[in-house]
$ cat protein-v4.pdb   # PDB, C-alpha atoms and all ligand atoms
MODEL        1
ATOM      1  CA  MET A1328      41.326 134.318  27.759  1.00  0.00           C
ATOM      2  CA  ILE A1329      43.086 132.556  30.543  1.00  0.00           C
ATOM      3  CA  ILE A1330      42.881 128.865  31.296  1.00  0.00           C
ATOM      4  CA  ARG A1331      43.755 127.965  34.861  1.00  0.00           C
ATOM      5  CA  LEU A1332      45.652 124.709  35.160  1.00  0.00           C
ATOM      6  CA  ASN A1333      44.872 122.293  37.914  1.00  0.00           C
ATOM      7  CA  ALA A1334      48.091 120.491  38.871  1.00  0.00           C
ATOM      8  CA  GLY A1335      46.431 117.112  39.493  1.00  0.00           C
ATOM      9  CA  ASN A1336      44.289 117.150  36.377  1.00  0.00           C
ATOM     10  CA  LYS A1337      45.453 115.149  33.373  1.00  0.00           C
ATOM     11  CA  GLU A1338      42.144 115.110  31.509  1.00  0.00           C
ATOM     12  CA  ASP A1339      41.350 117.283  28.503  1.00  0.00           C
ATOM     13  CA  LEU A1340      40.123 120.659  29.640  1.00  0.00           C
ATOM     14  CA  PRO A1341      37.379 122.143  27.472  1.00  0.00           C
ATOM     15  CA  PHE A1342      37.318 125.914  27.109  1.00  0.00           C
ATOM     16  CA  SER A1343      34.938 128.443  25.652  1.00  0.00           C
ATOM     17  CA  PHE A1344      35.358 132.216  25.499  1.00  0.00           C
ATOM     18  CA  ALA A1345      33.539 135.150  23.979  1.00  0.00           C
ATOM     19  CA  MET A1346      35.882 138.036  23.423  1.00  0.00           C
ATOM     20  CA  PRO A1347      34.835 141.422  22.009  1.00  0.00           C
ATOM     21  CA  CYS A1348      36.801 141.920  18.781  1.00  0.00           C
ATOM     22  CA  ASP A1349      37.684 145.499  19.681  1.00  0.00           C
ATOM     23  CA  LYS A1350      39.414 144.201  22.820  1.00  0.00           C
ATOM     24  CA  LEU A1351      41.402 141.657  20.822  1.00  0.00           C
ATOM     25  CA  ASP A1352      43.269 144.431  19.053  1.00  0.00           C
ATOM     26  CA  ILE A1353      42.891 142.830  15.635  1.00  0.00           C
ATOM     27  CA  SER A1354      43.059 145.463  12.994  1.00  0.00           C
ATOM     28  CA  SER A1355      43.654 144.485   9.433  1.00  0.00           C
ATOM     29  CA  LYS A1356      43.619 146.742   6.405  1.00  0.00           C
ATOM     30  CA  GLY A1357      40.155 146.893   4.914  1.00  0.00           C
ATOM     31  CA  THR A1358      38.492 144.544   7.406  1.00  0.00           C
ATOM     32  CA  ILE A1359      36.249 145.410  10.325  1.00  0.00           C
ATOM     33  CA  TYR A1360      35.720 142.630  12.839  1.00  0.00           C
ATOM     34  CA  LEU A1361      32.247 142.546  14.327  1.00  0.00           C
ATOM     35  CA  GLY A1362      30.887 141.777  17.773  1.00  0.00           C
ATOM     36  CA  ASN A1363      32.421 138.946  19.720  1.00  0.00           C
ATOM     37  CA  ALA A1364      34.962 136.384  18.641  1.00  0.00           C
ATOM     38  CA  ILE A1365      33.842 132.981  19.921  1.00  0.00           C
ATOM     39  CA  ILE A1366      36.682 130.689  20.916  1.00  0.00           C
ATOM     40  CA  GLU A1367      35.964 127.036  21.654  1.00  0.00           C
ATOM     41  CA  GLY A1368      38.224 124.076  22.083  1.00  0.00           C
ATOM     42  CA  LYS A1369      40.114 121.940  24.515  1.00  0.00           C
ATOM     43  CA  LEU A1370      43.403 121.932  26.299  1.00  0.00           C
ATOM     44  CA  ILE A1371      45.194 118.600  26.039  1.00  0.00           C
ATOM     45  CA  PHE A1372      47.669 117.506  28.680  1.00  0.00           C
ATOM     46  CA  LEU A1373      50.902 116.260  27.103  1.00  0.00           C
ATOM     47  CA  GLY A1374      52.650 115.207  30.284  1.00  0.00           C
ATOM     48  CA  GLY A1375      54.255 118.586  31.013  1.00  0.00           C
ATOM     49  CA  ASP A1376      53.427 120.576  27.926  1.00  0.00           C
ATOM     50  CA  TYR A1377      49.918 121.369  26.767  1.00  0.00           C
ATOM     51  CA  ALA A1378      48.246 121.650  23.415  1.00  0.00           C
ATOM     52  CA  ALA A1379      45.343 124.004  22.838  1.00  0.00           C
ATOM     53  CA  GLU A1380      43.142 122.969  19.946  1.00  0.00           C
ATOM     54  CA  GLY A1381      40.023 124.704  18.857  1.00  0.00           C
ATOM     55  CA  LYS A1382      38.324 127.110  16.572  1.00  0.00           C
ATOM     56  CA  VAL A1383      37.600 130.815  16.476  1.00  0.00           C
ATOM     57  CA  THR A1384      34.349 132.044  14.955  1.00  0.00           C
ATOM     58  CA  VAL A1385      34.349 135.676  14.030  1.00  0.00           C
ATOM     59  CA  GLY A1386      32.206 137.983  11.911  1.00  0.00           C
ATOM     60  CA  LYS A1387      33.800 140.515   9.609  1.00  0.00           C
ATOM     61  CA  ARG A1388      32.804 143.243   7.191  1.00  0.00           C
ATOM     62  CA  PHE A1389      34.762 144.382   4.153  1.00  0.00           C
ATOM     63  CA  LEU A1390      34.366 145.736   0.650  1.00  0.00           C
ATOM     64  CA  CYS A1391      34.834 143.283  -2.196  1.00  0.00           C
ATOM     65  CA  ASP A1392      38.032 144.191  -4.082  1.00  0.00           C
ATOM     66  CA  ARG A1393      36.373 143.549  -7.441  1.00  0.00           C
ATOM     67  CA  CYS A1394      32.733 144.685  -7.233  1.00  0.00           C
ATOM     68  CA  LEU A1395      33.133 147.042  -4.223  1.00  0.00           C
ATOM     69  CA  LYS A1396      30.046 145.588  -2.569  1.00  0.00           C
ATOM     70  CA  GLU A1397      29.944 145.569   1.224  1.00  0.00           C
ATOM     71  CA  VAL A1398      30.066 142.031   2.523  1.00  0.00           C
ATOM     72  CA  GLU A1399      29.534 140.531   5.958  1.00  0.00           C
ATOM     73  CA  LYS A1400      30.901 137.082   6.514  1.00  0.00           C
ATOM     74  CA  LYS A1401      31.303 134.706   9.407  1.00  0.00           C
ATOM     75  CA  VAL A1402      34.579 132.798   9.311  1.00  0.00           C
ATOM     76  CA  HIS A1403      35.807 129.773  11.239  1.00  0.00           C
ATOM     77  CA  ILE A1404      39.498 129.556  11.945  1.00  0.00           C
ATOM     78  CA  HIS A1405      40.991 126.385  13.360  1.00  0.00           C
ATOM     79  CA  PHE A1406      44.009 126.644  15.571  1.00  0.00           C
ATOM     80  CA  SER A1407      46.386 124.311  17.328  1.00  0.00           C
ATOM     81  CA  GLU A1408      49.166 125.559  19.555  1.00  0.00           C
ATOM     82  CA  LYS A1409      51.586 123.919  21.938  1.00  0.00           C
ATOM     83  CA  PHE A1410      52.370 125.555  25.270  1.00  0.00           C
ATOM     84  CA  SER A1411      55.495 124.746  27.178  1.00  0.00           C
ATOM     85  CA  ARG A1412      57.252 125.964  30.325  1.00  0.00           C
ATOM     86  CA  GLU A1413      60.542 125.685  28.462  1.00  0.00           C
ATOM     87  CA  GLU A1414      61.508 127.874  25.566  1.00  0.00           C
ATOM     88  CA  SER A1415      61.246 126.100  22.236  1.00  0.00           C
ATOM     89  CA  ASP A1416      60.705 126.910  18.570  1.00  0.00           C
ATOM     90  CA  ASP A1417      57.444 125.078  18.154  1.00  0.00           C
ATOM     91  CA  SER A1418      55.617 126.165  21.280  1.00  0.00           C
ATOM     92  CA  THR A1419      54.494 129.206  23.223  1.00  0.00           C
ATOM     93  CA  LEU A1420      56.140 129.806  26.564  1.00  0.00           C
ATOM     94  CA  PHE A1421      54.030 129.990  29.701  1.00  0.00           C
ATOM     95  CA  THR A1422      54.804 130.245  33.373  1.00  0.00           C
ATOM     96  CA  GLY A1423      52.910 129.414  36.545  1.00  0.00           C
ATOM     97  CA  ASP A1424      49.562 127.688  36.257  1.00  0.00           C
ATOM     98  CA  GLU A1425      47.863 129.861  33.683  1.00  0.00           C
ATOM     99  CA  ILE A1426      47.724 129.614  29.913  1.00  0.00           C
ATOM    100  CA  ASP A1427      46.679 132.739  28.074  1.00  0.00           C
ATOM    101  CA  LEU A1428      45.167 132.118  24.648  1.00  0.00           C
ATOM    102  CA  THR A1429      44.774 135.766  23.665  1.00  0.00           C
ATOM    103  CA  GLU A1430      47.945 136.051  21.579  1.00  0.00           C
ATOM    104  CA  VAL A1431      47.399 132.740  19.814  1.00  0.00           C
ATOM    105  CA  VAL A1432      43.820 133.673  18.928  1.00  0.00           C
ATOM    106  CA  ARG A1433      44.870 137.089  17.648  1.00  0.00           C
ATOM    107  CA  ASP A1434      47.735 135.648  15.547  1.00  0.00           C
ATOM    108  CA  ASN A1435      45.467 133.033  14.025  1.00  0.00           C
ATOM    109  CA  ILE A1436      42.769 135.534  13.086  1.00  0.00           C
ATOM    110  CA  LEU A1437      45.318 137.810  11.424  1.00  0.00           C
ATOM    111  CA  ALA A1438      47.063 134.933   9.656  1.00  0.00           C
ATOM    112  CA  ALA A1439      43.714 133.866   8.200  1.00  0.00           C
ATOM    113  CA  GLU A1440      43.169 137.248   6.526  1.00  0.00           C
ATOM    114  CA  PRO A1441      43.190 136.680   2.766  1.00  0.00           C
ATOM    115  CA  ILE A1442      45.383 138.822   0.502  1.00  0.00           C
ATOM    116  CA  SER A1443      42.357 139.867  -1.511  1.00  0.00           C
ATOM    117  CA  HIS A1444      38.844 140.314  -0.170  1.00  0.00           C
ATOM    118  CA  LEU A1445      36.216 138.878  -2.445  1.00  0.00           C
ATOM    119  CA  CYS A1446      32.440 138.607  -1.960  1.00  0.00           C
ATOM    120  CA  LYS A1447      32.751 135.197  -3.620  1.00  0.00           C
ATOM    121  CA  GLU A1448      35.589 133.265  -5.194  1.00  0.00           C
ATOM    122  CA  ASP A1449      34.430 133.919  -8.772  1.00  0.00           C
ATOM    123  CA  CYS A1450      33.239 137.519  -8.403  1.00  0.00           C
ATOM    124  CA  LYS A1451      33.106 139.026 -11.907  1.00  0.00           C
ATOM    125  CA  GLY A1452      33.716 142.598 -10.723  1.00  0.00           C
ATOM    126  CA  LEU A1453      32.581 145.804 -12.365  1.00  0.00           C
ATOM    127  CA  CYS A1454      32.594 146.669 -16.057  1.00  0.00           C
ATOM    128  CA  LYS A1455      35.525 149.011 -16.722  1.00  0.00           C
ATOM    129  CA  ILE A1456      33.477 150.996 -19.197  1.00  0.00           C
ATOM    130  CA  CYS A1457      29.997 151.448 -17.730  1.00  0.00           C
ATOM    131  CA  GLY A1458      30.608 150.363 -14.132  1.00  0.00           C
ATOM    132  CA  LYS A1459      27.864 147.751 -14.078  1.00  0.00           C
ATOM    133  CA  ASP A1460      28.172 144.927 -11.568  1.00  0.00           C
ATOM    134  CA  LEU A1461      28.860 141.992 -13.891  1.00  0.00           C
ATOM    135  CA  ASN A1462      27.623 139.514 -11.278  1.00  0.00           C
ATOM    136  CA  GLU A1463      24.161 140.796 -12.118  1.00  0.00           C
ATOM    137  CA  GLY A1464      24.544 140.156 -15.819  1.00  0.00           C
ATOM    138  CA  GLU A1465      26.391 141.266 -18.941  1.00  0.00           C
ATOM    139  CA  CYS A1466      26.192 144.935 -19.918  1.00  0.00           C
ATOM    140  CA  GLY A1467      27.117 144.506 -23.580  1.00  0.00           C
ATOM    141  CA  CYS A1468      30.244 146.704 -23.551  1.00  0.00           C
ATOM    142  CA  ASP A1469      33.256 145.563 -25.582  1.00  0.00           C
ATOM    143  CA  ARG A1470      35.817 145.550 -22.804  1.00  0.00           C
ATOM    144  CA  HIS A1471      38.673 143.946 -24.770  1.00  0.00           C
ATOM    145  CA  ILE A1472      39.620 147.175 -26.503  1.00  0.00           C
ATOM    146  CA  VAL A1473      40.379 149.115 -23.313  1.00  0.00           C
ATOM    147  CA  ASP A1474      42.442 146.429 -21.629  1.00  0.00           C
ATOM    148  CA  PRO A1475      46.070 147.653 -22.161  1.00  0.00           C
ATOM    149  CA  ARG A1476      47.457 144.100 -22.108  1.00  0.00           C
ATOM    150  CA  PHE A1477      45.374 143.259 -25.155  1.00  0.00           C
ATOM    151  CA  SER A1478      45.809 146.543 -26.993  1.00  0.00           C
ATOM    152  CA  ILE A1479      49.569 145.869 -27.322  1.00  0.00           C
ATOM    153  CA  LEU A1480      48.834 142.559 -29.019  1.00  0.00           C
ATOM    154  CA  GLN A1481      46.360 144.275 -31.299  1.00  0.00           C
ATOM    155  CA  ASP A1482      49.003 146.828 -32.368  1.00  0.00           C
ATOM    156  CA  TYR A1483      51.337 144.022 -33.451  1.00  0.00           C
ATOM    157  CA  ARG A1484      48.624 142.465 -35.473  1.00  0.00           C
ATOM    158  CA  ILE A1485      47.983 145.697 -37.310  1.00  0.00           C
ATOM    159  CA  ASP A1486      51.711 146.036 -38.212  1.00  0.00           C
ATOM    160  CA  ASP A1487      51.644 142.649 -39.968  1.00  0.00           C
TER     161      ASP A1487
HETATM  162 ZN    ZN A1501      32.484 141.021  -5.468  1.00  0.00          ZN
HETATM  163 ZN    ZN A1502      29.692 147.794 -19.388  1.00  0.00          ZN
ENDMDL
END

$ encode --input "protein-v4.pdb" --output "structure tokens" --more "lines below"
Ligand SMILES: [Zn+2]
Ligand SMILES: [Zn+2]
Amino acid sequence: MIIRLNAGNKEDLPFSFAMPCDKLDISSKGTIYLGNAIIEGKLIFLGGDYAAEGKVTVGKRFLCDRCLKEVEKKVHIHFSEKFSREESDDSTLFTGDEIDLTEVVRDNILAAEPISHLCKEDCKGLCKICGKDLNEGECGCDRHIVDPRFSILQDYRIDD
């Protein structure tokens, strides 16, 4: 994912890449990245430094942490990174007349990985007693009794 810089050019430089996910070396626990990552954006000339702004579109497959269903999702990850020929805290160093986006794209994909994988934000999960997928409807089990956090409270109430 290399952008070649043209010394005389001060205009924004659009870029577009398709990079096979298995070549990007993005492995994250529990997630399989599918097919190609599509990277689109523009390189902005900052009078010496450059800024790369764009978005990565990538497909991924995972099991929902709550209902264990297999899910495929396409995600869009926006990124913005400064590139400089001089070392600095807020930019990525580059030399010569080439800017390589590979590392930035990889870092942004990994940083966008959520801590928990859910098929949807409000997934109800599985019933702890009968195993039914509660997204498909109530099963009728009384789940409050088996939840250890509640059973402690119930014990206190009995002692009264
Ligand atoms: Zn789920
Ligand atoms: Zn149940």

$ residues_near_ligand --input "protein-v4.pdb" --ligand "ligand ZN 1502 (chain A)" --cutoff "7 Å" --atoms "only C-alpha atoms and all ligand atoms" --output "ChimeraX atom specification"
/A:1454-1459,1466-1468

$ closest_residue --input "protein-v4.pdb" --among "A:Leu1437, A:Val1398, A:Leu1428, A:Leu1373" --to "Phe1342 of chain A" --atoms "all atoms listed in the file"
A:Leu1428

$ closest_residue --input "protein-v4.pdb" --among "A:Leu1361, A:Phe1389, A:Glu1440, A:Leu1332" --to "Glu1425 of chain A" --atoms "all atoms listed in the file"
A:Leu1332

$ closest_residue --input "protein-v4.pdb" --among "A:Ile1359, A:Leu1390, A:Ile1436, A:Ile1329" --to "ligand ZN 1501 (chain A)" --atoms "all atoms listed in the file"
A:Leu1390

$ residues_near_ligand --input "protein-v4.pdb" --ligand "ligand ZN 1501 (chain A)" --cutoff "8 Å" --atoms "all atoms listed in the file" --output "short mmCIF file (atom, residue, chain, number, x, y, z; two decimals) with C-alpha atoms, keeping the file's coordinate frame"
data_model
loop_
_atom_site.label_atom_id
_atom_site.label_comp_id
_atom_site.auth_asym_id
_atom_site.auth_seq_id
_atom_site.Cartn_x
_atom_site.Cartn_y
_atom_site.Cartn_z
CA LEU A 1390 34.37 145.74 0.65
CA CYS A 1391 34.83 143.28 -2.20
CA ASP A 1392 38.03 144.19 -4.08
CA ARG A 1393 36.37 143.55 -7.44
CA CYS A 1394 32.73 144.68 -7.23
CA LEU A 1395 33.13 147.04 -4.22
CA LYS A 1396 30.05 145.59 -2.57
CA LEU A 1445 36.22 138.88 -2.44
CA CYS A 1446 32.44 138.61 -1.96
CA LYS A 1447 32.75 135.20 -3.62
CA CYS A 1450 33.24 137.52 -8.40
CA LYS A 1451 33.11 139.03 -11.91
CA GLY A 1452 33.72 142.60 -10.72
CA ASN A 1462 27.62 139.51 -11.28
#

$ residues_near_point --input "protein-v4.pdb" --point "(38.5, 131.0, 20.6)" --cutoff "6 Å" --atoms "all atoms listed in the file" --output "PyMOL selection string"
chain A and resi 1344+1365-1367+1382-1383

$ write_last_selection --input "protein-v4.pdb" --atoms "C-alpha atoms" --output "CSV table (one decimal), in the coordinates of the input"
chain,number,residue,atom,x,y,z
A,1344,PHE,CA,35.4,132.2,25.5
A,1365,ILE,CA,33.8,133.0,19.9
A,1366,ILE,CA,36.7,130.7,20.9
A,1367,GLU,CA,36.0,127.0,21.7
A,1382,LYS,CA,38.3,127.1,16.6
A,1383,VAL,CA,37.6,130.8,16.5

$ closest_residue --input "protein-v4.pdb" --among "A:Asp1417, A:Lys1369, A:Lys1387, A:Ala1379" --to "Cys1348 of chain A" --atoms "only C-alpha atoms"
A:Lys1387

$ closest_residue --input "protein-v4.pdb" --among "A:Ser1411, A:Asp1424, A:Pro1347, A:Val1432" --to "Gly1368 of chain A" --atoms "all atoms listed in the file"
A:Val1432

$ atom_distance --input "protein-v4.pdb" --atom1 "atom CA of Ala1345 of chain A" --atom2 "atom CA of Val1385 of chain A"
10.0 Å

$ atom_distance --input "protein-v4.pdb" --atom1 "atom CA of Thr1384 of chain A" --atom2 "atom CA of Ser1343 of chain A"
11.3 Å

$ atom_distance --input "protein-v4.pdb" --atom1 "atom CA of Ser1415 of chain A" --atom2 "atom CA of Leu1351 of chain A"
25.3 Å

$ closest_residue --input "protein-v4.pdb" --among "A:Ile1426, A:Val1431, A:Leu1461, A:Ile1371" --to "Leu1340 of chain A" --atoms "only C-alpha atoms"
A:Ile1371

$ axis_aligned_box --input "protein-v4.pdb" --around "segment 1333-1341 of chain A" --padding-each-side "3 Å" --output "AutoDock Vina command-line options"
--center_x 42.7 --center_y 118.7 --center_z 33.5 --size_x 16.7 --size_y 13.2 --size_z 18.0

$ build_atoms --input "protein-v4.pdb" --residues "segment 1379-1390 of chain A" --atoms "all heavy atoms" --output "JSON list (two decimals), in the frame of the given file"
[["chain", "number", "residue", "atom", "x", "y", "z"],
["A", 1379, "ALA", "N", 46.67, 123.40, 22.93],
["A", 1379, "ALA", "CA", 45.34, 124.00, 22.84],
["A", 1379, "ALA", "C", 44.86, 123.83, 21.42],
["A", 1379, "ALA", "O", 45.53, 124.24, 20.47],
["A", 1379, "ALA", "CB", 45.41, 125.48, 23.21],
["A", 1380, "GLU", "N", 43.71, 123.18, 21.28],
["A", 1380, "GLU", "CA", 43.14, 122.97, 19.95],
["A", 1380, "GLU", "C", 41.72, 123.48, 19.93],
["A", 1380, "GLU", "O", 40.97, 123.22, 20.86],
["A", 1380, "GLU", "CB", 43.13, 121.47, 19.60],
["A", 1380, "GLU", "CG", 44.48, 120.97, 19.18],
["A", 1380, "GLU", "CD", 44.48, 119.49, 18.86],
["A", 1380, "GLU", "OE1", 43.39, 118.88, 18.84],
["A", 1380, "GLU", "OE2", 45.57, 118.96, 18.65],
["A", 1381, "GLY", "N", 41.38, 124.20, 18.90],
["A", 1381, "GLY", "CA", 40.02, 124.70, 18.86],
["A", 1381, "GLY", "C", 39.75, 125.51, 17.63],
["A", 1381, "GLY", "O", 40.48, 125.44, 16.64],
["A", 1382, "LYS", "N", 38.67, 126.28, 17.72],
["A", 1382, "LYS", "CA", 38.32, 127.11, 16.57],
["A", 1382, "LYS", "C", 37.80, 128.46, 17.05],
["A", 1382, "LYS", "O", 37.19, 128.58, 18.12],
["A", 1382, "LYS", "CB", 37.36, 126.35, 15.67],
["A", 1382, "LYS", "CG", 35.95, 126.82, 15.66],
["A", 1382, "LYS", "CD", 35.07, 125.92, 14.86],
["A", 1382, "LYS", "CE", 33.67, 126.05, 15.49],
["A", 1382, "LYS", "NZ", 32.63, 125.31, 14.83],
["A", 1383, "VAL", "N", 38.08, 129.46, 16.23],
["A", 1383, "VAL", "CA", 37.60, 130.82, 16.48],
["A", 1383, "VAL", "C", 36.52, 131.09, 15.44],
["A", 1383, "VAL", "O", 36.70, 130.81, 14.26],
["A", 1383, "VAL", "CB", 38.72, 131.86, 16.27],
["A", 1383, "VAL", "CG1", 38.24, 133.25, 16.64],
["A", 1383, "VAL", "CG2", 39.97, 131.48, 17.06],
["A", 1384, "THR", "N", 35.40, 131.61, 15.89],
["A", 1384, "THR", "CA", 34.35, 132.04, 14.96],
["A", 1384, "THR", "C", 34.23, 133.55, 15.08],
["A", 1384, "THR", "O", 34.04, 134.07, 16.19],
["A", 1384, "THR", "CB", 33.01, 131.37, 15.29],
["A", 1384, "THR", "OG1", 33.19, 129.96, 15.28],
["A", 1384, "THR", "CG2", 31.93, 131.75, 14.26],
["A", 1385, "VAL", "N", 34.37, 134.22, 13.97],
["A", 1385, "VAL", "CA", 34.35, 135.68, 14.03],
["A", 1385, "VAL", "C", 33.64, 136.25, 12.79],
["A", 1385, "VAL", "O", 33.75, 135.70, 11.69],
["A", 1385, "VAL", "CB", 35.80, 136.22, 14.20],
["A", 1385, "VAL", "CG1", 36.64, 135.99, 12.96],
["A", 1385, "VAL", "CG2", 35.80, 137.69, 14.57],
["A", 1386, "GLY", "N", 32.89, 137.32, 13.02],
["A", 1386, "GLY", "CA", 32.21, 137.98, 11.91],
["A", 1386, "GLY", "C", 33.04, 139.15, 11.42],
["A", 1386, "GLY", "O", 33.71, 139.82, 12.21],
["A", 1387, "LYS", "N", 33.04, 139.37, 10.11],
["A", 1387, "LYS", "CA", 33.80, 140.51, 9.61],
["A", 1387, "LYS", "C", 33.08, 141.20, 8.44],
["A", 1387, "LYS", "O", 32.26, 140.59, 7.76],
["A", 1387, "LYS", "CB", 35.21, 140.11, 9.22],
["A", 1387, "LYS", "CG", 35.32, 138.99, 8.22],
["A", 1387, "LYS", "CD", 36.78, 138.63, 8.09],
["A", 1387, "LYS", "CE", 37.04, 137.85, 6.82],
["A", 1387, "LYS", "NZ", 38.45, 137.68, 6.56],
["A", 1388, "ARG", "N", 33.40, 142.45, 8.26],
["A", 1388, "ARG", "CA", 32.80, 143.24, 7.19],
["A", 1388, "ARG", "C", 33.91, 143.86, 6.36],
["A", 1388, "ARG", "O", 34.92, 144.31, 6.91],
["A", 1388, "ARG", "CB", 31.93, 144.34, 7.81],
["A", 1388, "ARG", "CG", 31.15, 145.14, 6.77],
["A", 1388, "ARG", "CD", 30.54, 146.37, 7.37],
["A", 1388, "ARG", "NE", 29.57, 146.06, 8.41],
["A", 1388, "ARG", "CZ", 29.39, 146.79, 9.51],
["A", 1388, "ARG", "NH1", 30.12, 147.86, 9.72],
["A", 1388, "ARG", "NH2", 28.49, 146.45, 10.40],
["A", 1389, "PHE", "N", 33.74, 143.80, 5.04],
["A", 1389, "PHE", "CA", 34.76, 144.38, 4.15],
["A", 1389, "PHE", "C", 34.12, 144.73, 2.82],
["A", 1389, "PHE", "O", 32.97, 144.34, 2.56],
["A", 1389, "PHE", "CB", 35.91, 143.39, 3.95],
["A", 1389, "PHE", "CG", 35.48, 142.06, 3.41],
["A", 1389, "PHE", "CD1", 35.36, 141.84, 2.05],
["A", 1389, "PHE", "CD2", 35.18, 141.01, 4.28],
["A", 1389, "PHE", "CE1", 34.94, 140.62, 1.56],
["A", 1389, "PHE", "CE2", 34.75, 139.77, 3.80],
["A", 1389, "PHE", "CZ", 34.63, 139.58, 2.44],
["A", 1390, "LEU", "N", 34.83, 145.45, 2.00],
["A", 1390, "LEU", "CA", 34.37, 145.74, 0.65],
["A", 1390, "LEU", "C", 35.05, 144.78, -0.31],
["A", 1390, "LEU", "O", 36.26, 144.57, -0.24],
["A", 1390, "LEU", "CB", 34.72, 147.18, 0.25],
["A", 1390, "LEU", "CG", 34.07, 148.31, 1.05],
["A", 1390, "LEU", "CD1", 34.49, 149.66, 0.47],
["A", 1390, "LEU", "CD2", 32.55, 148.20, 1.08]]
